[in-house]
Amino acid sequence: MSVTTEAATTRPPEDLLAGYKPPPGIFDEMVDGAGQVRPAWQKLVGSLEQTGAEGIARQSEQARRLLRDNGVTYNVYGEVSGEERPWELDCVPMLISSREWNGIAEGLTQRAALLNLLLVDLYGRQDLLRQGVLPAELVLGNPEYLLPCRDVRVPNDCYLHLYAAHLGRGTDGNWTVLADRTQGPSGAGYALENRLVVSRVLAEEFHDARVRRHATFFKSLRDSLFSSATRHRENPRVVLLTPGPSSSAYFEDVYLARYLGYTLVEGGDLTVRDNAVYLKTLGGLLPVDVILRRLQDTDCDPLELRTESMLGVAGLLQAARSGNVVIANALGSGILEAPALAAFLPDLCRRMLGEELKLPSVQTWWCGRDDDRRYVLDHLHELVIKPAMLHRTRQPVYGGALSQTDRERLAAAITRHPNNFAAQALVERSSTPVWSKGSLQPRHVALRTFVAADGEKYDVMPGGLIRVTTDPCLPAVSMSSGQGSKDLWVLSDGPVSPMSLLRPYGAPIELRRSGNDLPSRVADNMFWLGRQFERAEGIVRQWRAVIMRWMSESEPGGLVELPILFDALLQDWKEERPEAVVAGDPYRARFRQLLRLCYDERRPDSLRSTIYSAHHLASIMRDRLSLDSYRIINRLRTEIGPGMSQAQSLDDILLQLNQIIVLLSAFAGMGMESMTRGPSWRFLDMGRRIERAQHTVHILQSVLVRPLAEPAPVIEALLEIADSSMTYRSRYLTSIQLAPALDLILTDETNPRSAAFQLAALAEHVRGLPHDEGKPQSTPEQRVMLAAQTELRLTDVEALCQSSETDGEHRQLGELLARLERHLIALAEAIGHTYLVHAGPSRHLGRISPSPQP
Amino acid sequence: MMYRVRHSTVYSYDETVPVCQNEAHLKPRNAAAQKCLSNNLMIAPPPATLVERHDYFGNHVTFFTIQEGHRRLAITAESVVTVLETAPPALEESGAWEHTARLLHSYSDGAHLEAKHFTFESPFVPLLDQLAEYAAPSFTPGRRHLEATLDLTRRIFTEFKFDPTATCVNTPPLEVLQKKRGVCQDFAHLMIGCLRALGLSARYVSGYLLTLPPPGKPRLAGADVSHAWVSVYFPEFGWLDFDPTNNCIPSGHHITLGWGRDYGDICPIKGVFIGGGQHAMQVTVDVEPV
């Protein structure tokens with residue numbers, strides 16, 4: 001932050017508050033009714049004014065860059081899978097004093113404990129129903145009350161491990177709870193990421209403000225999950241179960257899994273055997289003891305819950321029932337999300353905890369109660385109407401915003417099905433400043449707070465995820481509505497001790513080298529990531545060789561290798577050479593066609609698509625790639641992304657290709673230098689090696705097998721594409737001949753670009769794959785490997801160079817290459833079959849439909 | 001009456017199924033007029049795990065997994081059950097249907113929790129105004145609950161045509177109402193929907209029915225079928241069964257497997273498997289008086 005400090009010494013502070021006007025009647029977080037800055041904010045405001053508008057703009061830009069580099073995104077509901085939006089973060093934090101926060105935190109822990117007790121009763125003795133404290137309509141009549149979950153014993157009666165509450169501060173300055181989220185609530189990971197970015201961008205302010213840290217909260221969560229395991233208590237396996245890359249919070253799933261050190265799994269990665277849950281890996285089935293799930297209750301088990309959902313694991317509920325797996329949160333917790341429950345919480349709290357509710361819910365009416373319904377019908381214009389249960393099925397409605405007819409229609413619906421409606425008082429949310437268009441502007445605050453079980457008690461994340469909105473009355477700003485977010489700083493009274501999620505020194509830990517616990521799905525993705533990268537590199541190198549030659553020669557007709565290279569590249573895409581000749585230039589039409597082949601997104605095999613799909617694969621495996629690798633991939637995507645049009649000059653294209661090659665090499669280098677030599681790396685590298693060997697075989701087939709009148713320039717181009725010119729020159733100086741070139745590109749096992757080198761590397765990988773040690777005979781992939789390697793090792797390069805007397809073709813070479821190609825295809829298939837084949841989706845037995853007697 | 005029931009289901013697959021998880025409701029429960037004397041479940045290939053428990057409504061459930069590769073799965077349940085013949089209550093004992101609906105609505109304590117549970121919408125039985133409208137001619141103001149229910153049973157029997165090709169497992173009641181066709185499961189769902197739409201309590205009963213061969217023909221083994229009917233709650237005398245497919249109050253010939261809110265709660269066999277290619281299923285039910 002040296003820039004800021006310099007600026008502070010050379011510039012007078014700017015008045016950033018002059019134009020800041022919170023809406024009248026609204027509680028503002030930063031300034032009080034008299035326009036005075038609240039005590040908690042004074043230091044930060046001072047510091048921001050020192051920084052000045054220009055500095056803040058710079059910091060905002062820095063924040064944006066950090067988010068982009070870290071690949072922070074969220075998927076938008078309803079958009080095509082893979083559509084990701086960048087996460088929006090305002091770098092001005094919201095501040096709250098420790099004293100005020102402690103009150104909120106106390107209320108939240110009480111609420112979490114109360115909600116947990118509620119679940120214990122509803123899925124156990126049902127006293128609350130029997131005594132008529134809770135109406136059956138909201139429990140037995142609630143589709144989110146899952147009958148199969150009754151009497152499933154939950155270890156330590158801990159149903160809620162992670163709970164989120166949506167808060168809003170009304171005009172009176174008091175915080176109220178607007179909604180409860182109990183099924184894998186999202187947002188904690190985004191809050192963590194926001195903190196990471198803002199604490200870097202505002203490092204000095206963060207340090208000075210003594211902000212309370214999030215790490216203790218995540219430690220509680222992790223400890224609690226770890227110790228909840230009923231089996232393998234010494235070293236239980238905890239996994240994070242995600243709905244997959246198309247879910248809105250996939251980024252967060254990846255992020256949390258990495259932060260907490262859990263394996264990220266999808267339903268298809270898990271299987272139930274002997275009423276216990278296992279992770280399907282390359283090395284076989286590994287037991288899973290605890291599942292932190294980010295799936296809705298009903299998606300978790302297609303056997304006993306929603307049969308249509310294929311996101312979960314068949315038999316999961318039975319595994320939980322058998323006491324072999326702990327699911328966090330326990331299945332069935334979703335019933336607590338019913339908006340109507342809030343109407344009963346004050347009474348429930350007195351009855352079950354003997355206390356008043358410390359953090360009130362927004363005032364709520366359930367239309368199933370006669371008095372409540374009458375009140376709601378009389379006050380529709382000032383209330384928010386929500387479904388009493390299944391809140392996801394319908395958007396909240398603001399009575400005040402309805403037309404007379406719509407309001408009457410709503411009233412009629414409430415009268416007909418009163419049980420299905422709840423109403424909430426309108427909370428006009430407080431405002432807080434965000435940096436927008438060069439000044440501080442008030443925006444309304446929706447705060448999502450998080451509570452984690454910590455043994456017998458609950459622990460609250462100091463801070464939370466703030467979403468800001470322009471509309472004070474939006475009841476909950478959802479992730480998908482595309483508005484900004486902020487960090488919340490809870491200011492500590494005393495010094496804060498930094499802590500880390502790493503194990504304390506001296507704690508016993510089981511030593512592990514990379515095992516075979518890689519999910520088969522991830523191995524498959526790694527394999528394809530390797531292939532896509534190598535394919536991109538192959539295309540780029542060939543394309544660059546073509547363009548360099550075409551640029552360098554004023555009269556392209558003079559280069560014998562140019563048509564051969566053009567055609568070889570076209571052949572790579574299995575395209576015919578265009579017949580048309582443009583303006584006397586024999587290559588113009590071919591060049592245009594190649595431009596299309598490189599940049600056409602609709603073609604799945606274009607260069608752009610190849611890099612896009614590599615990026616996609618990388619993005620769904622973010623938990624497996626280092627942050628630096630992921631940054632490189634993001635840069636690659638930007639480099640090849642739209643903006644490159646056909647109109648650009650050859651120079652621009654060349655520049656871009658050089659840049660892409662640098663980035664591809666950087667990624668390859670990260671892989672070589674930073675990835676542990678576990679199965680993850682092995683599959684990535686195998687994909688790469690197979691693709692490179694195939695590419696080498698292909699280009700030799702399309703360039704060298706044909707009769708060559710003037711071989712030298714062609715061979716030179718080939719050496720360049722194979723990145724072997726330097727080696728060649730150092731060995732053979734300037735004498736360009738076919739045999740030494742073929743040796744270098746094809747059979748020399750010391751050249752990392754040769755086909756023989758790829759085969760040797762592949763053979764090493766195949767040996768390292770997990771095998772059934774009991775079987776004496778070699779595996780199919782070992783046999784193919786042996787055949788391919790022997791083929792190359794027995795090759796007489798001189799003989800390959802002999803051309804046919806009749807037509808000048810290098811027939812022997814052609815035959816060898818054809819055999820090699822077949823071996824490589826067989827190898828890829830064998831590896832895929834043994835290690836990567838998905839067993840396919842789960843299916844249901846045809847249900848038996850009873851039919852009556854004839 | 002005493003019966004031996006043999007319910008056999010065979011799944012065959014084109015390709016090997018490596019693993020499957022199943023849940024079976026194949027053991028008849030005891031009920032007011034019924035006692036299950038023995039039950040024997042045979043599964044081939046033998047299951048790796050098998051757990052028995054009671055579900056939410058007290059029905060017997062067997063959870064089992066097959067963990068060896070198989071291309072054929074055979075599940076056979078053999079039970080011996082006694083069923084008493086019962087005389088239906090007299091019409092006069094039943095109060096007005098609105099009275100029942102009011103009672104159910106106002107129950108707020110545990111005593112009638114079970115009955116209340118079956119007034120709510122369930123996955124196969126949505127609460128629809130159209131169903132209430134269909135029921136209306138039977139449920140005229142002030143009519144005795146029992147009388148109205150018998151009338152609804154009779155109307156479904158006469159106005160709907162039994163047609164196994166018209167519907168499938170997932171056909172919603174509204175479609176059945178429009179087509180006026182279906183099988184016992186559809187008629188049961190329809191009737192339950194009608195009753196619940198009026199605020200009454202009705203549950204789905206899954207079971208078997210003894211079939212009598214045409215006069216002069218021998219009884220054919222395996223010619224019987226699974227059956228489904230409805231049970232209705234009366235505050236005056238508890239639960240009483242109605243069979244809209246046969247227009248009767250079951251007595252002595254209906255063997256109850258179990259009950260739930262709808263078919264989904266009590267379907268005989270549910271299973272999830274991986275692989276298998278094309279698969280086929282064959283069911284035979286044999287009810288034999290002993």
# chains A, B, ... in the order shown; residues from 1 in each chain; ligands from 1

$ residues_around --residues "A:Ala756" --least-positions-apart "6" --cutoff "12 Å" --atoms "only C-alpha atoms" --output "list in words"
Arg689, Ile690, Arg692, Ala693, Gln694, Thr696, Val697, Leu742, Asp743, Leu744, Ile745, Leu746, Thr747, Asp748, Glu749, Thr750, Leu762, Ala763, Met785, Ala788, Gln789, Thr790, Glu791, Leu792, Arg793, Leu794, Thr795, Leu820 and Leu824 of chain A

$ write_last_selection --atoms "N, CA and C atoms" --output "PDB file, in the first residue's frame"
ATOM      1  N   ARG A 689       0.700 -36.552 -23.473  1.00  0.00           N
ATOM      2  CA  ARG A 689       1.633 -37.388 -24.244  1.00  0.00           C
ATOM      3  C   ARG A 689       0.931 -38.081 -25.410  1.00  0.00           C
ATOM      4  N   ILE A 690      -0.246 -38.577 -25.158  1.00  0.00           N
ATOM      5  CA  ILE A 690      -0.960 -39.264 -26.229  1.00  0.00           C
ATOM      6  C   ILE A 690      -1.281 -38.286 -27.347  1.00  0.00           C
ATOM      7  N   ARG A 692       0.280 -35.496 -28.064  1.00  0.00           N
ATOM      8  CA  ARG A 692       1.477 -35.037 -28.763  1.00  0.00           C
ATOM      9  C   ARG A 692       1.984 -36.115 -29.725  1.00  0.00           C
ATOM     10  N   ALA A 693       1.960 -37.365 -29.277  1.00  0.00           N
ATOM     11  CA  ALA A 693       2.397 -38.448 -30.154  1.00  0.00           C
ATOM     12  C   ALA A 693       1.496 -38.508 -31.386  1.00  0.00           C
ATOM     13  N   GLN A 694       0.204 -38.374 -31.149  1.00  0.00           N
ATOM     14  CA  GLN A 694      -0.721 -38.420 -32.290  1.00  0.00           C
ATOM     15  C   GLN A 694      -0.474 -37.263 -33.238  1.00  0.00           C
ATOM     16  N   THR A 696       2.288 -35.626 -33.746  1.00  0.00           N
ATOM     17  CA  THR A 696       3.520 -35.861 -34.489  1.00  0.00           C
ATOM     18  C   THR A 696       3.273 -36.858 -35.631  1.00  0.00           C
ATOM     19  N   VAL A 697       2.586 -37.931 -35.310  1.00  0.00           N
ATOM     20  CA  VAL A 697       2.291 -38.925 -36.337  1.00  0.00           C
ATOM     21  C   VAL A 697       1.481 -38.295 -37.472  1.00  0.00           C
ATOM     22  N   LEU A 742      14.035 -37.321 -39.227  1.00  0.00           N
ATOM     23  CA  LEU A 742      13.069 -38.347 -38.802  1.00  0.00           C
ATOM     24  C   LEU A 742      13.495 -38.972 -37.486  1.00  0.00           C
ATOM     25  N   ASP A 743      14.805 -39.201 -37.397  1.00  0.00           N
ATOM     26  CA  ASP A 743      15.300 -39.785 -36.156  1.00  0.00           C
ATOM     27  C   ASP A 743      14.957 -38.872 -34.979  1.00  0.00           C
ATOM     28  N   LEU A 744      15.196 -37.584 -35.180  1.00  0.00           N
ATOM     29  CA  LEU A 744      14.970 -36.624 -34.100  1.00  0.00           C
ATOM     30  C   LEU A 744      13.482 -36.521 -33.735  1.00  0.00           C
ATOM     31  N   ILE A 745      12.626 -36.510 -34.738  1.00  0.00           N
ATOM     32  CA  ILE A 745      11.200 -36.269 -34.483  1.00  0.00           C
ATOM     33  C   ILE A 745      10.458 -37.551 -34.114  1.00  0.00           C
ATOM     34  N   LEU A 746      10.983 -38.683 -34.636  1.00  0.00           N
ATOM     35  CA  LEU A 746      10.228 -39.916 -34.467  1.00  0.00           C
ATOM     36  C   LEU A 746      10.850 -40.863 -33.434  1.00  0.00           C
ATOM     37  N   THR A 747      12.110 -41.185 -33.592  1.00  0.00           N
ATOM     38  CA  THR A 747      12.644 -42.336 -32.853  1.00  0.00           C
ATOM     39  C   THR A 747      13.608 -41.996 -31.726  1.00  0.00           C
ATOM     40  N   ASP A 748      13.999 -40.738 -31.598  1.00  0.00           N
ATOM     41  CA  ASP A 748      14.976 -40.375 -30.575  1.00  0.00           C
ATOM     42  C   ASP A 748      14.309 -40.223 -29.211  1.00  0.00           C
ATOM     43  N   GLU A 749      14.545 -41.167 -28.308  1.00  0.00           N
ATOM     44  CA  GLU A 749      13.861 -41.133 -27.012  1.00  0.00           C
ATOM     45  C   GLU A 749      14.377 -40.031 -26.098  1.00  0.00           C
ATOM     46  N   THR A 750      15.487 -39.355 -26.521  1.00  0.00           N
ATOM     47  CA  THR A 750      15.965 -38.279 -25.655  1.00  0.00           C
ATOM     48  C   THR A 750      15.367 -36.925 -26.023  1.00  0.00           C
ATOM     49  N   LEU A 762       4.703 -42.534 -21.677  1.00  0.00           N
ATOM     50  CA  LEU A 762       3.426 -43.231 -21.493  1.00  0.00           C
ATOM     51  C   LEU A 762       3.640 -44.594 -20.846  1.00  0.00           C
ATOM     52  N   ALA A 763       4.724 -45.287 -21.299  1.00  0.00           N
ATOM     53  CA  ALA A 763       5.003 -46.610 -20.749  1.00  0.00           C
ATOM     54  C   ALA A 763       5.243 -46.495 -19.243  1.00  0.00           C
ATOM     55  N   MET A 785       1.176 -50.774 -25.208  1.00  0.00           N
ATOM     56  CA  MET A 785       2.387 -49.991 -24.989  1.00  0.00           C
ATOM     57  C   MET A 785       3.598 -50.728 -25.537  1.00  0.00           C
ATOM     58  N   ALA A 788       3.703 -50.798 -29.360  1.00  0.00           N
ATOM     59  CA  ALA A 788       4.039 -49.509 -29.967  1.00  0.00           C
ATOM     60  C   ALA A 788       5.511 -49.197 -29.775  1.00  0.00           C
ATOM     61  N   GLN A 789       5.998 -49.412 -28.559  1.00  0.00           N
ATOM     62  CA  GLN A 789       7.403 -49.093 -28.302  1.00  0.00           C
ATOM     63  C   GLN A 789       8.342 -49.974 -29.105  1.00  0.00           C
ATOM     64  N   THR A 790       8.000 -51.258 -29.173  1.00  0.00           N
ATOM     65  CA  THR A 790       8.839 -52.178 -29.937  1.00  0.00           C
ATOM     66  C   THR A 790       8.878 -51.751 -31.400  1.00  0.00           C
ATOM     67  N   GLU A 791       7.735 -51.382 -31.909  1.00  0.00           N
ATOM     68  CA  GLU A 791       7.609 -50.935 -33.297  1.00  0.00           C
ATOM     69  C   GLU A 791       8.644 -49.843 -33.594  1.00  0.00           C
ATOM     70  N   LEU A 792       8.666 -48.858 -32.717  1.00  0.00           N
ATOM     71  CA  LEU A 792       9.559 -47.719 -32.956  1.00  0.00           C
ATOM     72  C   LEU A 792      11.020 -48.100 -32.750  1.00  0.00           C
ATOM     73  N   ARG A 793      11.257 -48.918 -31.711  1.00  0.00           N
ATOM     74  CA  ARG A 793      12.647 -49.237 -31.396  1.00  0.00           C
ATOM     75  C   ARG A 793      13.288 -50.100 -32.480  1.00  0.00           C
ATOM     76  N   LEU A 794      12.480 -50.898 -33.167  1.00  0.00           N
ATOM     77  CA  LEU A 794      13.021 -51.773 -34.209  1.00  0.00           C
ATOM     78  C   LEU A 794      13.099 -51.069 -35.560  1.00  0.00           C
ATOM     79  N   THR A 795      12.662 -49.819 -35.580  1.00  0.00           N
ATOM     80  CA  THR A 795      12.598 -49.122 -36.863  1.00  0.00           C
ATOM     81  C   THR A 795      13.989 -48.789 -37.404  1.00  0.00           C
ATOM     82  N   LEU A 820       1.454 -46.945 -35.951  1.00  0.00           N
ATOM     83  CA  LEU A 820       1.590 -46.180 -34.718  1.00  0.00           C
ATOM     84  C   LEU A 820       0.264 -45.512 -34.341  1.00  0.00           C
ATOM     85  N   LEU A 824      -1.826 -45.931 -30.868  1.00  0.00           N
ATOM     86  CA  LEU A 824      -2.146 -44.816 -29.958  1.00  0.00           C
ATOM     87  C   LEU A 824      -3.643 -44.772 -29.660  1.00  0.00           C
TER      88      LEU A 824
END

$ residues_around --residues "stretch 85-99 of chain B" --least-positions-apart "3" --cutoff "6 Å" --atoms "only C-alpha atoms" --output "PyMOL selection string"
chain B and resi 102+142-146+251-252

$ write_last_selection --atoms "N, CA and C atoms" --output "mmCIF file, in the first residue's frame"
data_model
loop_
_atom_site.group_PDB
_atom_site.id
_atom_site.type_symbol
_atom_site.label_atom_id
_atom_site.label_comp_id
_atom_site.auth_asym_id
_atom_site.auth_seq_id
_atom_site.Cartn_x
_atom_site.Cartn_y
_atom_site.Cartn_z
ATOM 1 N N ARG B 102 -64.791 -30.402 9.692
ATOM 2 C CA ARG B 102 -64.565 -29.360 10.701
ATOM 3 C C ARG B 102 -63.690 -29.882 11.834
ATOM 4 N N GLY B 142 -74.855 -31.627 4.443
ATOM 5 C CA GLY B 142 -75.491 -32.361 5.533
ATOM 6 C C GLY B 142 -75.543 -33.863 5.358
ATOM 7 N N ARG B 143 -75.092 -34.353 4.230
ATOM 8 C CA ARG B 143 -75.178 -35.789 3.999
ATOM 9 C C ARG B 143 -74.230 -36.542 4.943
ATOM 10 N N ARG B 144 -74.670 -37.762 5.323
ATOM 11 C CA ARG B 144 -73.814 -38.532 6.219
ATOM 12 C C ARG B 144 -72.506 -38.863 5.521
ATOM 13 N N HIS B 145 -71.421 -38.752 6.265
ATOM 14 C CA HIS B 145 -70.080 -38.973 5.720
ATOM 15 C C HIS B 145 -69.978 -40.371 5.078
ATOM 16 N N LEU B 146 -70.495 -41.379 5.772
ATOM 17 C CA LEU B 146 -70.399 -42.749 5.256
ATOM 18 C C LEU B 146 -71.220 -42.918 3.975
ATOM 19 N N SER B 251 -64.083 -56.799 2.724
ATOM 20 C CA SER B 251 -64.359 -57.606 3.895
ATOM 21 C C SER B 251 -63.971 -59.050 3.605
ATOM 22 N N GLY B 252 -62.870 -59.469 4.202
ATOM 23 C CA GLY B 252 -62.500 -60.862 4.099
ATOM 24 C C GLY B 252 -61.718 -61.249 2.859
#

$ residues_around --residues "stretch 35-40 of chain B" --least-positions-apart "4" --cutoff "9 Å" --atoms "only C-alpha atoms" --output "list in words"
Leu26, Lys27, Pro28, Arg29, Asn30, Ala31, Thr76, Ala77, Glu78, Ser79, Val80, Val81, Thr82, Val83 and Leu84 of chain B

$ atom_distance --atom1 "atom CA of B:Tyr3" --atom2 "atom CA of B:Ala32"
16.5 Å

$ select_by_dssp --residues "stretch 104-187 of chain A" --states "strand (DSSP E or B)" --output "list in words"
Leu162, Tyr163, Ala164, Ala165, His166, Leu167, Gly168, Arg169, Trp175, Thr176, Val177, Leu178, Ala179, Asp180 and Arg181 of chain A

$ residues_around --residues "B:Gln185" --least-positions-apart "3" --cutoff "12 Å" --atoms "only C-alpha atoms" --output "PyMOL selection string"
(chain A and resi 848-852) or (chain B and resi 124-125+162-164+167-173+176+181-182+188-192+204-207+226-230+243-245+262-264+266-267)

$ residues_around --residues "A:Leu115" --least-positions-apart "4" --cutoff "8 Å" --atoms "only C-alpha atoms" --output "mmCIF file with C-alpha atoms, in the first residue's frame"
data_model
loop_
_atom_site.group_PDB
_atom_site.id
_atom_site.type_symbol
_atom_site.label_atom_id
_atom_site.label_comp_id
_atom_site.auth_asym_id
_atom_site.auth_seq_id
_atom_site.Cartn_x
_atom_site.Cartn_y
_atom_site.Cartn_z
ATOM 1 C CA ARG A 111 -31.444 -19.359 17.228
ATOM 2 C CA LEU A 119 -35.453 -30.815 14.377
ATOM 3 C CA LEU A 336 -36.789 -25.098 8.929
#

$ select_by_dssp --residues "stretch 271-395 of chain A" --states "alpha helix (DSSP H)" --output "PyMOL selection string"
chain A and resi 316-321+345-353+370-378

$ atom_distance --atom1 "atom CA of B:His54" --atom2 "atom CA of A:Ser322"
13.9 Å

$ interface_residues --of "chain B" --to "chain A" --cutoff "6 Å" --atoms "only C-alpha atoms" --output "PyMOL selection string"
chain B and resi 49+56+108-110+117+120+169+183-184+226-227+271-274

$ write_last_selection --atoms "C-alpha atoms" --output "PDB file, in the first residue's frame"
ATOM      1  CA  THR B  49     -27.074 -56.482   3.104  1.00  0.00           C
ATOM      2  CA  TYR B  56     -43.201 -43.796   9.153  1.00  0.00           C
ATOM      3  CA  SER B 108     -54.635 -29.212  17.181  1.00  0.00           C
ATOM      4  CA  ASP B 109     -53.534 -31.908  19.570  1.00  0.00           C
ATOM      5  CA  GLY B 110     -51.980 -35.314  19.200  1.00  0.00           C
ATOM      6  CA  HIS B 117     -51.747 -36.323   8.270  1.00  0.00           C
ATOM      7  CA  PHE B 120     -52.766 -32.988   3.219  1.00  0.00           C
ATOM      8  CA  VAL B 169     -47.587 -45.160 -12.688  1.00  0.00           C
ATOM      9  CA  VAL B 183     -56.519 -48.876 -13.113  1.00  0.00           C
ATOM     10  CA  CYS B 184     -57.097 -49.439  -9.398  1.00  0.00           C
ATOM     11  CA  SER B 226     -51.575 -56.486  -6.747  1.00  0.00           C
ATOM     12  CA  HIS B 227     -54.432 -54.278  -5.812  1.00  0.00           C
ATOM     13  CA  GLY B 271     -34.767 -49.855  -6.608  1.00  0.00           C
ATOM     14  CA  VAL B 272     -31.899 -47.868  -8.053  1.00  0.00           C
ATOM     15  CA  PHE B 273     -29.260 -49.594 -10.129  1.00  0.00           C
ATOM     16  CA  ILE B 274     -26.376 -48.680 -12.390  1.00  0.00           C
TER      17      ILE B 274
END

$ closest_residue --among "B:His60, B:His70, B:Arg53, B:Lys270" --to "B:Asp14" --atoms "only C-alpha atoms"
B:His70

$ atom_distance --atom1 "atom CA of A:Leu597" --atom2 "atom CA of A:Leu570"
8.6 Å

$ closest_residue --among "B:Val5, B:Leu240, B:Met281, B:Ile75" --to "B:Asp224" --atoms "only C-alpha atoms"
B:Val5

$ closest_residue --among "B:Ile156, B:Cys194, B:Cys20, B:Ile255" --to "B:Leu131" --atoms "only C-alpha atoms"
B:Cys194

$ residues_around --residues "stretch 631-633 of chain A" --least-positions-apart "6" --cutoff "12 Å" --atoms "only C-alpha atoms" --output "ChimeraX atom specification"
/A:65-72,529,532-533,611-619,621-622,625,639-641,659-671

$ write_last_selection --atoms "C-alpha atoms" --output "tab-separated table (two decimals), in the first residue's frame"
chain	number	residue	atom	x	y	z
A	65	ARG	CA	-8.22	-7.98	-10.97
A	66	LEU	CA	-7.72	-10.20	-7.93
A	67	LEU	CA	-11.20	-11.62	-8.29
A	68	ARG	CA	-10.69	-12.25	-11.97
A	69	ASP	CA	-7.31	-13.89	-11.44
A	70	ASN	CA	-8.74	-16.09	-8.73
A	71	GLY	CA	-11.59	-16.96	-11.05
A	72	VAL	CA	-14.29	-15.92	-8.61
A	529	LEU	CA	-7.37	-31.33	-20.00
A	532	GLN	CA	-6.89	-30.20	-25.04
A	533	PHE	CA	-3.79	-28.29	-24.04
A	611	ILE	CA	-8.95	-23.53	-25.37
A	612	TYR	CA	-12.48	-22.79	-24.16
A	613	SER	CA	-13.06	-26.41	-23.30
A	614	ALA	CA	-9.67	-26.66	-21.60
A	615	HIS	CA	-10.72	-23.63	-19.59
A	616	HIS	CA	-14.04	-25.22	-18.77
A	617	LEU	CA	-12.37	-28.44	-17.63
A	618	ALA	CA	-9.93	-26.46	-15.54
A	619	SER	CA	-12.75	-24.45	-14.01
A	621	MET	CA	-11.37	-28.91	-11.40
A	622	ARG	CA	-10.29	-25.77	-9.63
A	625	LEU	CA	-5.15	-27.11	-9.88
A	639	GLU	CA	-6.10	-14.14	-25.07
A	640	ILE	CA	-8.09	-16.29	-27.49
A	641	GLY	CA	-11.46	-14.80	-26.55
A	659	GLN	CA	1.67	-15.17	-26.45
A	660	ILE	CA	-0.46	-18.33	-26.45
A	661	ILE	CA	2.60	-20.52	-26.82
A	662	VAL	CA	4.22	-18.77	-23.87
A	663	LEU	CA	1.11	-19.33	-21.75
A	664	LEU	CA	0.77	-22.96	-22.81
A	665	SER	CA	4.40	-23.52	-21.92
A	666	ALA	CA	3.85	-21.78	-18.61
A	667	PHE	CA	1.00	-24.15	-17.82
A	668	ALA	CA	3.07	-27.15	-18.85
A	669	GLY	CA	5.88	-25.83	-16.66
A	670	MET	CA	3.55	-25.46	-13.68
A	671	GLY	CA	2.53	-29.05	-14.21

$ closest_residue --among "B:Leu113, B:Leu210, B:Leu195, B:Ala101" --to "B:Pro126" --atoms "only C-alpha atoms"
B:Leu195

$ residues_around --residues "A:Pro713" --least-positions-apart "5" --cutoff "12 Å" --atoms "only C-alpha atoms" --output "PyMOL selection string"
chain A and resi 545+549+558-565+703-704+708+718-720+734-738+741
